[in-house]
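**Q** Here you go, work-v9.pdb (PDB, C-alpha atoms, pLDDT in the B column):
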ATOM      1  CA  TYR A   9       0.000   0.000   0.000  1.00 70.00           C
ATOM      2  CA  GLU A  10       2.800   2.433   0.894  1.00 77.00           C
ATOM      3  CA  ILE A  11       4.608   1.583  -2.341  1.00 80.00           C
ATOM      4  CA  ALA A  12       1.484   2.404  -4.353  1.00 69.00           C
ATOM      5  CA  GLU A  13       1.092   5.720  -2.518  1.00 74.00           C
ATOM      6  CA  LYS A  14       4.719   6.610  -3.274  1.00 68.00           C
ATOM      7  CA  GLN A  15       4.253   5.776  -6.938  1.00 63.00           C
ATOM      8  CA  ILE A  16       1.090   7.891  -7.122  1.00 60.00           C
ATOM      9  CA  ASP A  17       2.914  10.794  -5.440  1.00 64.00           C
ATOM     10  CA  GLU A  18       5.799  10.502  -7.906  1.00 62.00           C
ATOM     11  CA  ILE A  19       3.445  10.511 -10.877  1.00 57.00           C
ATOM     12  CA  GLU A  20       1.517  13.510  -9.559  1.00 58.00           C
ATOM     13  CA  LYS A  21       4.762  15.445  -8.953  1.00 54.00           C
ATOM     14  CA  SER A  22       6.150  14.600 -12.379  1.00 54.00           C
ATOM     15  CA  ASP A  23       5.266  16.323 -15.617  1.00 66.00           C
ATOM     16  CA  ALA A  24       3.385  13.222 -16.751  1.00 77.00           C
ATOM     17  CA  CYS A  25       0.551  13.915 -19.137  1.00 82.00           C
ATOM     18  CA  LEU A  26      -2.314  11.671 -18.094  1.00 84.00           C
ATOM     19  CA  ARG A  27      -5.423  13.796 -18.691  1.00 91.00           C
ATOM     20  CA  LEU A  28      -6.685  16.087 -21.423  1.00 93.00           C
ATOM     21  CA  SER A  29      -6.127  18.998 -19.057  1.00 94.00           C
ATOM     22  CA  ASP A  30      -2.412  18.063 -18.930  1.00 93.00           C
ATOM     23  CA  LEU A  31      -2.006  18.644 -22.673  1.00 96.00           C
ATOM     24  CA  GLU A  32      -0.227  21.797 -23.790  1.00 96.00           C
ATOM     25  CA  VAL A  33      -3.101  22.412 -26.228  1.00 97.00           C
ATOM     26  CA  SER A  34      -6.732  23.083 -25.425  1.00 97.00           C
ATOM     27  CA  GLY A  35     -10.046  22.716 -27.168  1.00 97.00           C
ATOM     28  CA  GLN A  36      -9.779  26.387 -28.144  1.00 98.00           C
ATOM     29  CA  ASP A  37      -6.526  25.676 -29.973  1.00 98.00           C
ATOM     30  CA  ILE A  38      -8.199  22.851 -31.866  1.00 97.00           C
ATOM     31  CA  VAL A  39     -11.224  25.023 -32.713  1.00 97.00           C
ATOM     32  CA  ALA A  40      -8.821  27.666 -34.065  1.00 97.00           C
ATOM     33  CA  LEU A  41      -7.598  25.050 -36.553  1.00 96.00           C
ATOM     34  CA  GLY A  42     -11.157  24.672 -37.846  1.00 93.00           C
ATOM     35  CA  PHE A  43     -12.357  21.573 -36.022  1.00 93.00           C
ATOM     36  CA  LYS A  44     -15.955  21.548 -34.810  1.00 93.00           C
ATOM     37  CA  GLY A  45     -18.230  19.523 -32.559  1.00 93.00           C
ATOM     38  CA  ARG A  46     -17.179  15.999 -31.671  1.00 92.00           C
ATOM     39  CA  ASP A  47     -14.074  16.278 -33.807  1.00 92.00           C
ATOM     40  CA  ILE A  48     -12.533  18.569 -31.173  1.00 94.00           C
ATOM     41  CA  GLY A  49     -12.672  15.866 -28.514  1.00 94.00           C
ATOM     42  CA  THR A  50     -11.583  13.210 -30.983  1.00 93.00           C
ATOM     43  CA  VAL A  51      -8.451  15.187 -31.856  1.00 95.00           C
ATOM     44  CA  LEU A  52      -7.654  15.976 -28.220  1.00 96.00           C
ATOM     45  CA  ASN A  53      -8.042  12.326 -27.248  1.00 95.00           C
ATOM     46  CA  LYS A  54      -5.785  11.245 -30.127  1.00 95.00           C
ATOM     47  CA  LEU A  55      -3.147  13.774 -29.070  1.00 96.00           C
ATOM     48  CA  LEU A  56      -3.340  12.547 -25.475  1.00 95.00           C
ATOM     49  CA  GLU A  57      -2.978   8.960 -26.658  1.00 94.00           C
ATOM     50  CA  LEU A  58       0.115   9.881 -28.677  1.00 94.00           C
ATOM     51  CA  VAL A  59       1.690  11.669 -25.715  1.00 94.00           C
ATOM     52  CA  ILE A  60       0.924   8.851 -23.269  1.00 92.00           C
ATOM     53  CA  ASP A  61       2.339   6.296 -25.724  1.00 91.00           C
ATOM     54  CA  GLU A  62       5.430   8.534 -26.070  1.00 90.00           C
ATOM     55  CA  LYS A  63       4.877   8.909 -29.811  1.00 93.00           C
ATOM     56  CA  ALA A  64       4.612  12.687 -29.444  1.00 94.00           C
ATOM     57  CA  VAL A  65       6.044  15.255 -27.066  1.00 94.00           C
ATOM     58  CA  ASN A  66       3.623  17.347 -25.023  1.00 95.00           C
ATOM     59  CA  LYS A  67       4.676  20.662 -26.577  1.00 96.00           C
ATOM     60  CA  LYS A  68       2.125  23.039 -28.033  1.00 96.00           C
ATOM     61  CA  ASP A  69       3.808  23.578 -31.405  1.00 97.00           C
ATOM     62  CA  ILE A  70       4.318  19.844 -31.933  1.00 97.00           C
ATOM     63  CA  LEU A  71       0.750  18.960 -30.952  1.00 97.00           C
ATOM     64  CA  LEU A  72      -0.703  21.684 -33.173  1.00 97.00           C
ATOM     65  CA  ASP A  73       1.349  20.390 -36.090  1.00 97.00           C
ATOM     66  CA  ILE A  74      -0.022  16.884 -35.509  1.00 96.00           C
ATOM     67  CA  ALA A  75      -3.570  18.271 -35.255  1.00 96.00           C
ATOM     68  CA  LYS A  76      -3.114  20.074 -38.595  1.00 96.00           C
ATOM     69  CA  LYS A  77      -1.987  16.808 -40.173  1.00 94.00           C
ATOM     70  CA  LEU A  78      -5.001  15.039 -38.681  1.00 92.00           C
ATOM     71  CA  LYS A  79      -7.229  17.705 -40.226  1.00 92.00           C
ATOM     72  CA  ASN A  80      -5.644  17.188 -43.640  1.00 87.00           C
ATOM     73  CA  ILE A  81      -6.177  13.427 -43.339  1.00 86.00           C
ATOM     74  CA  TYR A  82      -9.799  14.047 -42.324  1.00 80.00           C
ATOM     75  CA  ILE A  83     -10.406  16.333 -45.312  1.00 80.00           C
ATOM     76  CA  VAL A  84      -8.905  13.798 -47.715  1.00 73.00           C
ATOM     77  CA  SER A  85     -11.057  11.073 -46.166  1.00 78.00           C
ATOM     78  CA  LEU A  86     -14.216  13.163 -46.600  1.00 73.00           C
ATOM     79  CA  THR A  87     -13.292  13.921 -50.200  1.00 78.00           C
ATOM     80  CA  ILE A  88     -12.723  10.249 -50.998  1.00 78.00           C
ATOM     81  CA  ASN A  89     -16.026   9.308 -49.366  1.00 75.00           C
ATOM     82  CA  PHE A  90     -17.830  11.991 -51.353  1.00 76.00           C
ATOM     83  CA  ILE A  91     -16.298  10.832 -54.630  1.00 78.00           C
ATOM     84  CA  CYS A  92     -17.140   7.192 -53.904  1.00 81.00           C
ATOM     85  CA  ASN A  93     -20.722   8.066 -52.986  1.00 77.00           C
ATOM     86  CA  PHE A  94     -21.097  10.355 -55.998  1.00 72.00           C
ATOM     87  CA  ALA A  95     -19.897   7.566 -58.299  1.00 68.00           C
ATOM     88  CA  THR A  96     -22.678   5.314 -57.025  1.00 70.00           C
ATOM     89  CA  TRP A  97     -25.346   7.935 -57.747  1.00 64.00           C
ATOM     90  CA  ASN A  98     -24.750   7.727 -61.507  1.00 56.00           C
TER      91      ASN A  98
END
Take the structure in the file and write it out as structure tokens.
**A**
Amino acid sequence: YEIAEKQIDEIEKSDACLRLSDLEVSGQDIVALGFKGRDIGTVLNKLLELVIDEKAVNKKDILLDIAKKLKNIYIVSLTINFICNFATWN
């Protein structure tokens, strides 16, 4: 029990990013990139996942760059879906 308490204390004192509120970006930053509605939370959760998995550093400029790339991927995906659906209408 004491070991677990020590580990919890160490985590809390560290700069560990374990919650959305620990991210160096906020929902407002994501909205400023043009995301809306549920996509804001989706992007934030993906960024948190990347930071926790140590695939990204919790720095604002890095996270915003990743979010921009996610937006580009999302736009391409929507375009492909539109084209595929349009092709079936004819």
**Q** Smallest atom-to-atom distance to A:Gln36: which of A:Ile81, A:Ile60, A:Leu86, A:Leu72, using only C-alpha atoms?
**A**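 For A:Gln36, the nearest of the candidates is A:Leu72.
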**Q** Kindly provide, as AutoDock Vina command-line options, the centre and edge lengths (Å, one decimal) of an axis-aligned box around all atoms of stretch 52-64 of chain A given in the file, with 6 Å on each side.
**A**
--center_x -1.3 --center_y 11.1 --center_z -26.7 --size_x 25.5 --size_y 21.7 --size_z 18.9
**Q** Go through the shown structure with the PyMOL selection byres ((chain A and resi 31) around 12) and write out the matching residues as a ChimeraX atom specification.
**A** /A:23-30,32-35,37-38,51-60,64-72
**Q** Using all atoms listed in the file, which of A:Ile48, A:Glu13, A:Leu41, A:Phe90 sits nearest A:Lys77?
**A**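 Distance minimum relative to A:Lys77 lands on A:Leu41.
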**Q** Pick the closest to A:Asp47 from A:Thr96, A:Glu62, A:Ile91, A:Leu78: which is it, counting only C-alpha atoms?
**A**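 Closest to A:Asp47 of all the choices is A:Leu78.
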**Q** Find the distance between atom CA of A:Asp61 and atom CA of A:Ala75 and write it in Å to one decimal.
**A**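 Those two atoms sit 16.4 Å apart.
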**Q** Calculate how many Å separate atom CA of A:Tyr82 from atom CA of A:Lys44, rounding to one decimal.
**A**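 Separation of atom CA of A:Tyr82 and atom CA of A:Lys44: 12.3 Å.
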